[in-house]
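**Q** Below are the structure tokens for one structure; questions will follow.
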Amino acid sequence: MSDDDDYTAPSEENRFGGRVRRYAKVGASAGKLAARLATGKMFGGDIDHAKYAAELTSALGGLKGPLMKVAQILSTIPDALPKEYTQALATLQADAPSMGWLFVKRRMRSELGAGWQSRFAEFSHDAVAAASLGQVHRATLLDGRDVACKLQYPDMSATVEADLKQLRAAFAIYRRYDSAIDAENIQLELSARLREELDYEREAQNMGLYRHMLAAEDCVHVPEPVAELTTKRLLTMTWQTGQKFQNFLDGNPDQQARNQVALNMFRAWYVPFYRYGVIHGDPHLGNYSLRDDGTVNLLDFGCIRIFTPTFVNAVITLYEALRDKDEDKAVFAYQSWGFDNPSRELIDVLNIWAGFVYGPILDDRERRMDETNSVAYGAEVAGKVHRELRRVGGVKPPREFVLVDRAAVGLGAVFLRLDAHLNWYQIFNDLVGGFDVEKLARNQETALQSVGLVRPED
């Protein structure tokens, strides 16, 4: 009898019951929070946000799935939620407990058929990594190639839709608390990207896109998808050997090594953005590893955003506006992004945050990231922006801002931990020098066509 012979279809009743219990737990915490917020606002009482954030995080922490992933992303977007909640949500860990061998056999059988094991020379029973939407197993193909097989957890499509309802409820709670930022577009963007992440065939296309865009970058390595062993719920790719980021730091690397890793990370994220209008929206530590020479392995391609060339052009235009103190250019940039007739007062407030994000590339000198972009200073700037936005009547950020801001803040945190000493101004200008929006459009069209992707209509 083979391992496949003990396959039994999972009980729909059990799966449904588990999902009900899952959302009852989260819903109870969210309901309590909503009631306390409403009561506090109505009667002017003090709201213990730290207490309720801890309760909500406790409920979320035991969950697999997209709600945890969304929580992690929100924890890095300034003022998407009150600071007590983002600080608590930031403690959620991506490495959730993995599903056992019985699950693995069921999933592999459903994706590749009853004889799936005959297509591998070896296949690890235990997962080597587990995250919010699936888990990874190491395997060896019949031709000797080492591969990683990412298996999606069961019933994830229904789980995503249920989680997105919870997300809408969470933002509705926040709207009662504070109107400085209208989070509707944040919700829409996270929802669209999260649904895309369910499709592993699309992720394989994203991987191919990154192989195209970074083909000339020796400092970045992108796995090759194995098409014949990939489905919508199974992604097979060539194995990339490397160490975790924290292991690199624990080795007490010298300054040159730290600087080189920072430069490699910068190019891994921003060559695709400024030359092709594409960004990897999740610089989470589990989404890449480092080789012994400091080069970067990119490992996950679910959270990818494709932008219009005009959006990227506006990113550079705002940089020039801040550098040259040109208010008209700033107005043009914000209008290009979709801010509807922004007032000069609103633009002044938005420029406070823009000045923080762009700060390292405005000075033509070698510098450390923590000179102006430390965690404490970032919190101070975010607090000031929040207060000013409330004063001027609030703002509704365009959808495209979500992952660009996520990438900038996330990479900034990596550069801080590396304590890199680099001339960021020179690095940035070397990359974008001679920028041509029409050339980017041609590059993007060629790259997308090469893997069968199209830019999504928002």
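Within each chain, counting starts at residue 1; across the structure tokens, chains are named A, B, ... in the order shown, with ligands numbered 1 upward in that order.
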Just the residues within 9 Å of His212 of chain A, please, counting only C-alpha atoms, with nothing from its chain fewer than 5 positions along; format it as a short mmCIF file (atom, residue, chain, number, x, y, z; two decimals) with C-alpha atoms, in the first residue's frame.

**A**
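Contents of part-v7.cif, as written:
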```cif
data_model
loop_
_atom_site.label_atom_id
_atom_site.label_comp_id
_atom_site.auth_asym_id
_atom_site.auth_seq_id
_atom_site.Cartn_x
_atom_site.Cartn_y
_atom_site.Cartn_z
CA MET A 207 8.62 35.07 -10.77
CA ALA A 447 8.44 42.39 -19.82
CA SER A 450 7.22 37.87 -22.07
CA VAL A 451 5.38 36.11 -19.22
#
```

**Q** Apply DSSP to the backbone of this structure and, from segment 245-293 of chain A, keep only the residues in alpha helix (DSSP H); write these as a ChimeraX atom specification.

**A** /A:245-250,255-276

**Q** For each of A:Gln256, A:Arg387, A:Asp282, A:Lys439, take the minimum atom-to-atom distance to Thr310 of chain A, counting only C-alpha atoms, then give the residue where this is smallest.

**A**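 Of A:Gln256, A:Arg387, A:Asp282, A:Lys439, the one nearest Thr310 of chain A, counting only C-alpha atoms, is A:Lys439.
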
**Q** If we count only C-alpha atoms and set the cut-off at 9 Å, which residues sit around Leu151 of chain A, ignoring sequence neighbours fewer than 4 positions away in its own chain? Please answer as a list of chain:residue names.

**A**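 Non-adjacent residues within range: A:Val104, A:Arg107, A:Met108, A:Leu133, A:Gly134, A:Gln135, A:Val136, A:His137, A:Arg233, A:Leu234, A:Leu235, A:Thr236.
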
**Q** Please list as number ranges by chain every residue within 12 Å of Thr308 of chain A, counting only C-alpha atoms and excluding residues in the same chain fewer than 4 positions away.

**A** A: 273-279, 312-315, 336-337, 400, 437-438, 440-445, 454-458

**Q** What is the atom CA of Glu201 of chain A-atom CA of Gly302 of chain A distance in Å, reported with one decimal?

**A**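 Separating atom CA of Glu201 of chain A from atom CA of Gly302 of chain A is a distance of 10.0 Å.
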
**Q** Provide the atom CA of Asp364 of chain A to atom CA of Ala333 of chain A distance in Å, to one decimal place.

**A**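 One can read the atom CA of Asp364 of chain A to atom CA of Ala333 of chain A distance as 22.8 Å.
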
**Q** When DSSP is applied to the backbone of this structure, which of segment 135-347 of chain A are assigned strand (DSSP E or B)? Write them out as number ranges by chain.

**A** A: 135-141, 146-152, 181, 220-221, 225, 234-238, 243, 278-280, 288-290, 296-298, 304-306

**Q** For atom CA of Met156 of chain A and atom CA of Ala172 of chain A, determine how far apart the two atoms are, in Å to one decimal place.

**A** 24.0 Å

**Q** Which is closest to Glu228 of chain A among A:Leu448, A:Val296, A:Leu141, A:Val128, if we use only C-alpha atoms?

**A**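 Of the candidates, the smallest distance to Glu228 of chain A is held by A:Leu141.
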